[in-house]
Amino acid sequence: MALIELKGINKTYNNGQPLHVLKGIDLQIERGEFVSIMGASGSGKSTLLNILGILDNYDSGSYHLDGTLIKDLTEKQAADYRNRMIGFIFQSFNLIGFKTAVENVELPLYYQGVPRKKRHELAMEYLDKMGLSPWAHHFPNEMSGGQKQRVAIARALITQPQIILADEPTGALDSKTSVEVMGLLKQLNKEDGITIIVVTHEGGVANETDKIIHIKDGMIGEIEENTRHDAWGGSIIK
Amino acid sequence: MRELFHEIGSTLRQNKLRTALTGLAVSWGIFLLITLLGAGNGLMNSFRGNMDQYVSQSISVEGWRTSKPYAGYKENRRIQLDQRDLEYTNGTQWEGTIENVISATASSSVKLTLEGRHADGWMQGQMPRQQEQDKLQMAAGRFLNDQDIREQRKVMVVSMAHANILSPGNPEALIGQWVNAGQIAFRVVGIYHTNEQDFRRSCPIPYSTYKRIYDRSDKVESITFTVDGLNSLEQHEAFENEYVGTLRRMHDVAPDDKRGIWVTNGYTENLQMNKAAGLLNTALWILGMLTLISGIVGVSNIMLITVKERTHEFGIRKAIGAKPGNILSLIITESVVITALFGYLGMLLGMLACQLLDKTVGQRGVNIGFETIHMMVNPSVDVNTALNATLLLIAAGTLAGMVPAWKAARVKPIEALRAE
């Protein structure tokens with residue numbers, strides 16, 4: 001069974017007027033894949049990512065994550081799955097402003113009940129991997145965008161999740177930093193075999209991944225194999 | 001737990017102004033409560049202390065002057081209690097209710113003389129239990145006893161004021177000496193305490209001795225007794241109506257003439273005082289509670305704003321694995337920590353304020369002629385009450401944090417993340 005298996009996922013938002021955002025999504029993502037989901041704004045890609053990340057629920061269909069059916073979970077169960085199986089990387093980093101880099105990285109382990117000392121050690125290790133050890137005790141507002149995103153990646157990795165979900169991870173970064181961050185994700189995928197799903201609307205970003213899933217009007221369109229990284233004419237980021 | 005406090009510590013430090021404002025509201029509330037209660041207690045203590053000198057747990061009746069004409073007599077007639085009244089009081093009708101009956105004679109002005117020194121006083125025939133009734137503290141020797149009464153001894157108890165005049169420098173040496181009271185010599189057996197402002201100058205001698213020497217009639221000046229089994233104002237009223245009513249009939253005093261026979265009821269005075277004290281206490285508690293409530297509303301208010309401000313942060317926490325319970329306990333613990341910390345501070349300050357009151361208002365006495373009255377005596381709140389109030393505040397702080405915390409815990413992570 002695939003790591004992620006979606007069957008006939010439907011999602012409708014009811015904000016005054018019903019809005020059918022996802023119209024029967026079928027999708028399989030295998031362990032170790034490096035995938036991007038591409039689409040215009042309003043295509044439903046963010047909703048799909050939120051469902052994959054158990055941040056939002058779906059109306060019908062089924063979603064299996066590593067063989068577990070993710071449906072009608074209590075908030076507590078959902079939090080537990082998110083904590084153990086999924087690492088998030090956000091466009092706006094979503095670091096907690098009054099916590100230092102290392103404290104931010106520690107936080108997922110805090111919710112696992114890992115003792116303070118061990119937590120700190122692990123967090124330092126992951127920051128070191130990201131080349132950020134000298135910045136461990138700095139607050140987010142003392143760091144550059146690239147550094148912040150690397151802290152966020154360290155935070156996503158620290159629980160050794162099954163998948164990393166990245167929502168426009170380079171959206172707030174300049175092109176040089178974007179290349180660095182995408183390189184980092186690529187490296188994590190190749191060397192550590194972590195499954196990574198990137199949501200983006202930028203062709204350059206999508207081109208860095210091995211498979212591009214196009215989504216349009218709430219339905220899966222073309223799925224491009226991109227192992228040679230020549231989609232979009234092999235365009236570079238931005 | 002330590003982790004949780006660490007978390008809270010960092011948020012509190014991050015928001016110093018907010019923390020300080022919330023804390024101020026809480027501290028102020030508990031400070032006012034403690035200070036109010038302390039001042040109230042001080043007032044009540046002073047009230048009680050001042051009353052205690054005059055009020056005792058007994059009932060006493062005296063003949064006075066009528067205030068209205070009755071049964072053919074004109075008003076303003078002097079009523080004199082006598083042996084019949086004493087017998088009635090001691091009668092079987094009141095067995096089990098009236099106890100420890102004592103009587104006293106009229107007091108007559110007397111000049112005490114010893115070795116050319118003179119002191120003025122009021123000689124009165126009394127019973128041994130009168131000491132308790134008049135709250136006389138012996139400085140030396142003893143008060144009258146039963147044997148003095150039985151043997152009609154010529155013994156006398158004098159005040160320290162008398163002793164200082166008659167035996168200057170060594171007042172205790174007066175014990176055992178024979179002092180001339182008018183034409184007759186009495187042996188001094190005891191000296192009772194008086195202070196400079198004390199107006200008491202009575203010289204008690206045995207009731208029987210007074211009767212034999214000065215007054216062979218059956219007149220009785222006052223009758224004093226304790227009662228048993230009367231617990232409420234209503235019961236006392238009923239008792240007074242019947243007992244004093246009979247005395248009024250015996251002396252042809254109008255049934256509704258309160259002045260003819262004067263009743264001093266220490267029990268009802270105490271009951272009334274307790275009632276007044278209780279009312280004052282309740283009023284203070286209500287006032288204090290209201291201030292506390294404003295403090296709690298302040299905490300609740302600020303917690304609501306805090307939760308709104310931190311919604312995005314809670315979204316992040318949820319995304320990386322915080323359960324609703326984690327968020328709930330984070331906010332509630334923060335609320336409890338703030339109220340506990342600042343509540344405790346307010347409690348300490350309140351107790352300090354009570355001390356300050358004691359040192360200032362408490363030390364200032366008001367001279368009302370024959371003695372000094374203190375506005376406040378020992379204004380303080382016992383530690384239990386203070387702790388209870390603080391615990392109550394902490395409980396309320398929890399409650400105040402509960403509503404916003406519940407809101408924050410229930411918001412969906414995706415919505416929280418969208419909030420800015």
# chains A, B, ... in the order shown; residues from 1 in each chain; ligands from 1
call {"tool": "interface_residues", "arguments": {"of": "chain A", "to": "chain B", "cutoff": "9 Å", "atoms": "only C-alpha atoms", "output": "number ranges by chain"}}
result
A: 50, 53-56, 75-84, 86-88, 94-99, 107-112, 116, 155-156
call {"tool": "residues_around", "arguments": {"residues": "region 250-260 of chain B", "least_positions_apart": "5", "cutoff": "6 Å", "atoms": "only C-alpha atoms", "output": "PyMOL selection string"}}
result
chain B and resi 64-67+70
call {"tool": "select_by_dssp", "arguments": {"residues": "region 28-230 of chain A", "states": "helix (DSSP H, G or I)", "output": "JSON, numbers by chain"}}
result
{"A": [45, 46, 47, 48, 49, 50, 51, 52, 75, 76, 77, 78, 79, 80, 81, 82, 83, 84, 85, 101, 102, 103, 104, 105, 106, 107, 108, 109, 110, 116, 117, 118, 119, 120, 121, 122, 123, 124, 125, 126, 127, 128, 129, 133, 134, 135, 140, 141, 142, 145, 146, 147, 148, 149, 150, 151, 152, 153, 154, 155, 156, 157, 175, 176, 177, 178, 179, 180, 181, 182, 183, 184, 185, 186, 187, 188, 189, 190, 191, 192, 203, 204, 205, 206, 207]}
call {"tool": "residues_around", "arguments": {"residues": "Phe186 (chain B)", "least_positions_apart": "6", "cutoff": "8 Å", "atoms": "only C-alpha atoms", "output": "VMD selection string"}}
result
chain B and resid 154 to 156 178 to 180
call {"tool": "write_last_selection", "arguments": {"atoms": "C-alpha atoms", "output": "PDB file, in the first residue's frame"}}
result
ATOM      1  CA  LYS B 154     -16.526  44.834 109.363  1.00  0.00           C
ATOM      2  CA  VAL B 155     -14.276  44.424 106.353  1.00  0.00           C
ATOM      3  CA  MET B 156     -13.916  46.610 103.294  1.00  0.00           C
ATOM      4  CA  TRP B 178      -8.256  49.418 110.152  1.00  0.00           C
ATOM      5  CA  VAL B 179      -9.606  52.461 108.325  1.00  0.00           C
ATOM      6  CA  ASN B 180     -12.174  54.804 109.795  1.00  0.00           C
TER       7      ASN B 180
END
call {"tool": "closest_residue", "arguments": {"among": "A:Val35, A:Leu173, A:Ala123, A:Ile4", "to": "Lys186 (chain A)", "atoms": "only C-alpha atoms"}}
result
A:Val35
call {"tool": "atom_distance", "arguments": {"atom1": "CA of Ala408 (chain B)", "atom2": "CA of Ser329 (chain B)"}}
result
10.8 Å
call {"tool": "residues_around", "arguments": {"residues": "region 126-134 of chain A", "least_positions_apart": "4", "cutoff": "8 Å", "atoms": "only C-alpha atoms", "output": "NGL selection string"}}
result
:A and (102 or 105 or 122 or 147 or 150-151 or 154 or 157-158)
call {"tool": "closest_residue", "arguments": {"among": "A:Gly183, A:Ser60, A:Ala166, A:Thr177", "to": "Thr12 (chain A)", "atoms": "only C-alpha atoms"}}
result
A:Ser60
call {"tool": "residues_around", "arguments": {"residues": "Ala39 (chain B)", "least_positions_apart": "3", "cutoff": "8 Å", "atoms": "only C-alpha atoms", "output": "short mmCIF file (atom, residue, chain, number, x, y, z; two decimals) with C-alpha atoms, in the first residue's frame"}}
result
data_model
loop_
_atom_site.label_atom_id
_atom_site.label_comp_id
_atom_site.auth_asym_id
_atom_site.auth_seq_id
_atom_site.Cartn_x
_atom_site.Cartn_y
_atom_site.Cartn_z
CA THR B 35 -7.64 45.83 54.31
CA LEU B 36 -11.41 46.22 54.58
CA GLY B 42 -10.26 46.41 64.30
CA LEU B 43 -13.43 48.43 64.61
CA CYS B 354 -3.48 46.34 58.53
CA LEU B 357 -3.50 50.88 60.53
CA MET B 376 -9.30 50.37 66.30
CA PRO B 379 -6.98 45.51 63.05
CA SER B 380 -5.99 42.27 61.36
#
call {"tool": "closest_residue", "arguments": {"among": "A:Leu73, A:Ala136, A:Ile9, A:Leu184", "to": "Asn104 (chain A)", "atoms": "only C-alpha atoms"}}
result
A:Ala136
call {"tool": "select_by_dssp", "arguments": {"residues": "region 25-236 of chain A", "states": "strand (DSSP E or B)", "output": "ChimeraX atom specification"}}
result
/A:25-29,34-38,60-65,68-69,86-89,163-167,195-200,211-216,219-225
call {"tool": "write_last_selection", "arguments": {"atoms": "N, CA and C atoms", "output": "short mmCIF file (atom, residue, chain, number, x, y, z; two decimals), in the first residue's frame"}}
result
data_model
loop_
_atom_site.label_atom_id
_atom_site.label_comp_id
_atom_site.auth_asym_id
_atom_site.auth_seq_id
_atom_site.Cartn_x
_atom_site.Cartn_y
_atom_site.Cartn_z
N ILE A 25 -10.93 13.53 -5.47
CA ILE A 25 -9.47 13.40 -5.69
C ILE A 25 -9.05 11.95 -5.45
N ASP A 26 -8.39 11.36 -6.43
CA ASP A 26 -7.74 10.06 -6.25
C ASP A 26 -6.25 10.28 -6.42
N LEU A 27 -5.48 9.82 -5.46
CA LEU A 27 -4.04 10.11 -5.53
C LEU A 27 -3.29 9.09 -4.68
N GLN A 28 -2.15 8.65 -5.21
CA GLN A 28 -1.27 7.77 -4.44
C GLN A 28 0.12 8.36 -4.43
N ILE A 29 0.73 8.39 -3.29
CA ILE A 29 2.12 8.84 -3.20
C ILE A 29 2.88 7.77 -2.44
N PHE A 34 9.37 12.52 -3.97
CA PHE A 34 9.53 13.96 -3.83
C PHE A 34 8.59 14.58 -4.84
N VAL A 35 7.44 15.05 -4.34
CA VAL A 35 6.34 15.39 -5.21
C VAL A 35 5.97 16.85 -5.05
N SER A 36 5.54 17.46 -6.13
CA SER A 36 4.96 18.80 -5.98
C SER A 36 3.52 18.79 -6.47
N ILE A 37 2.73 19.58 -5.82
CA ILE A 37 1.35 19.75 -6.25
C ILE A 37 1.24 21.17 -6.79
N MET A 38 0.90 21.28 -8.04
CA MET A 38 0.89 22.60 -8.67
C MET A 38 -0.52 22.99 -9.07
N SER A 60 -16.26 13.38 1.99
CA SER A 60 -16.46 11.97 1.61
C SER A 60 -15.20 11.45 0.95
N GLY A 61 -15.13 10.14 0.78
CA GLY A 61 -13.93 9.52 0.26
C GLY A 61 -13.14 8.91 1.40
N SER A 62 -11.88 8.55 1.10
CA SER A 62 -11.06 7.99 2.18
C SER A 62 -9.61 8.43 2.01
N TYR A 63 -8.95 8.56 3.12
CA TYR A 63 -7.53 8.98 3.14
C TYR A 63 -6.80 8.02 4.07
N HIS A 64 -5.91 7.23 3.46
CA HIS A 64 -5.08 6.33 4.28
C HIS A 64 -3.67 6.89 4.34
N LEU A 65 -3.17 7.05 5.54
CA LEU A 65 -1.79 7.50 5.73
C LEU A 65 -1.04 6.36 6.40
N THR A 68 -3.21 3.77 7.81
CA THR A 68 -4.21 4.15 8.80
C THR A 68 -5.26 5.04 8.15
N LEU A 69 -6.54 4.70 8.36
CA LEU A 69 -7.59 5.54 7.81
C LEU A 69 -7.70 6.81 8.64
N ILE A 86 3.77 13.77 10.57
CA ILE A 86 3.85 14.84 9.58
C ILE A 86 4.72 15.99 10.08
N GLY A 87 5.56 16.48 9.16
CA GLY A 87 6.29 17.70 9.46
C GLY A 87 5.82 18.80 8.52
N PHE A 88 5.59 19.99 9.09
CA PHE A 88 5.07 21.08 8.27
C PHE A 88 6.13 22.14 8.00
N ILE A 89 6.12 22.61 6.76
CA ILE A 89 6.93 23.79 6.44
C ILE A 89 5.98 24.79 5.78
N ILE A 163 6.17 12.02 6.44
CA ILE A 163 6.15 12.96 5.32
C ILE A 163 6.39 14.39 5.79
N ILE A 164 6.96 15.15 4.87
CA ILE A 164 7.09 16.59 5.08
C ILE A 164 6.13 17.26 4.11
N LEU A 165 5.28 18.11 4.65
CA LEU A 165 4.37 18.88 3.81
C LEU A 165 4.84 20.32 3.80
N ALA A 166 5.15 20.81 2.59
CA ALA A 166 5.67 22.16 2.49
C ALA A 166 4.69 22.99 1.66
N ASP A 167 4.17 24.02 2.29
CA ASP A 167 3.18 24.88 1.63
C ASP A 167 3.89 26.14 1.14
N THR A 195 9.75 11.32 2.54
CA THR A 195 8.75 11.67 1.55
C THR A 195 8.42 13.15 1.70
N ILE A 196 8.49 13.89 0.59
CA ILE A 196 8.25 15.33 0.68
C ILE A 196 7.20 15.74 -0.34
N ILE A 197 6.21 16.49 0.13
CA ILE A 197 5.19 17.01 -0.78
C ILE A 197 5.22 18.53 -0.71
N VAL A 198 5.45 19.15 -1.84
CA VAL A 198 5.54 20.60 -1.90
C VAL A 198 4.34 21.14 -2.66
N VAL A 199 3.69 22.09 -2.08
CA VAL A 199 2.60 22.77 -2.78
C VAL A 199 3.12 24.10 -3.29
N THR A 200 2.93 24.36 -4.57
CA THR A 200 3.45 25.61 -5.11
C THR A 200 2.66 26.02 -6.35
N LYS A 211 8.22 14.54 -9.28
CA LYS A 211 6.91 14.29 -9.87
C LYS A 211 6.07 15.53 -9.65
N ILE A 212 5.38 15.95 -10.70
CA ILE A 212 4.55 17.15 -10.57
C ILE A 212 3.09 16.75 -10.78
N ILE A 213 2.27 17.02 -9.76
CA ILE A 213 0.85 16.71 -9.85
C ILE A 213 0.12 18.01 -10.10
N HIS A 214 -0.53 18.10 -11.24
CA HIS A 214 -1.27 19.33 -11.55
C HIS A 214 -2.69 19.21 -11.03
N ILE A 215 -3.16 20.25 -10.39
CA ILE A 215 -4.52 20.24 -9.89
C ILE A 215 -5.24 21.47 -10.44
N LYS A 216 -6.46 21.24 -10.94
CA LYS A 216 -7.19 22.33 -11.56
C LYS A 216 -8.66 22.18 -11.21
N MET A 219 -9.73 19.13 -9.27
CA MET A 219 -9.54 17.77 -9.80
C MET A 219 -8.09 17.60 -10.21
N ILE A 220 -7.62 16.34 -10.11
CA ILE A 220 -6.25 16.04 -10.50
C ILE A 220 -6.17 16.08 -12.03
N GLY A 221 -5.21 16.82 -12.52
CA GLY A 221 -5.01 16.85 -13.95
C GLY A 221 -3.87 15.92 -14.34
N GLU A 222 -2.92 16.48 -15.03
CA GLU A 222 -1.78 15.69 -15.50
C GLU A 222 -0.83 15.38 -14.35
N ILE A 223 -0.26 14.19 -14.36
CA ILE A 223 0.82 13.87 -13.42
C ILE A 223 2.08 13.64 -14.22
N GLU A 224 3.05 14.56 -14.05
CA GLU A 224 4.29 14.51 -14.84
C GLU A 224 5.37 13.82 -14.06
N GLU A 225 5.99 12.85 -14.67
CA GLU A 225 7.23 12.33 -14.09
C GLU A 225 8.32 13.33 -14.43
#
call {"tool": "residues_around", "arguments": {"residues": "Gly193 (chain A)", "least_positions_apart": "2", "cutoff": "9 Å", "atoms": "only C-alpha atoms", "output": "JSON, numbers by chain"}}
result
{"A": [31, 32, 33, 187, 188, 189, 190, 191, 195]}
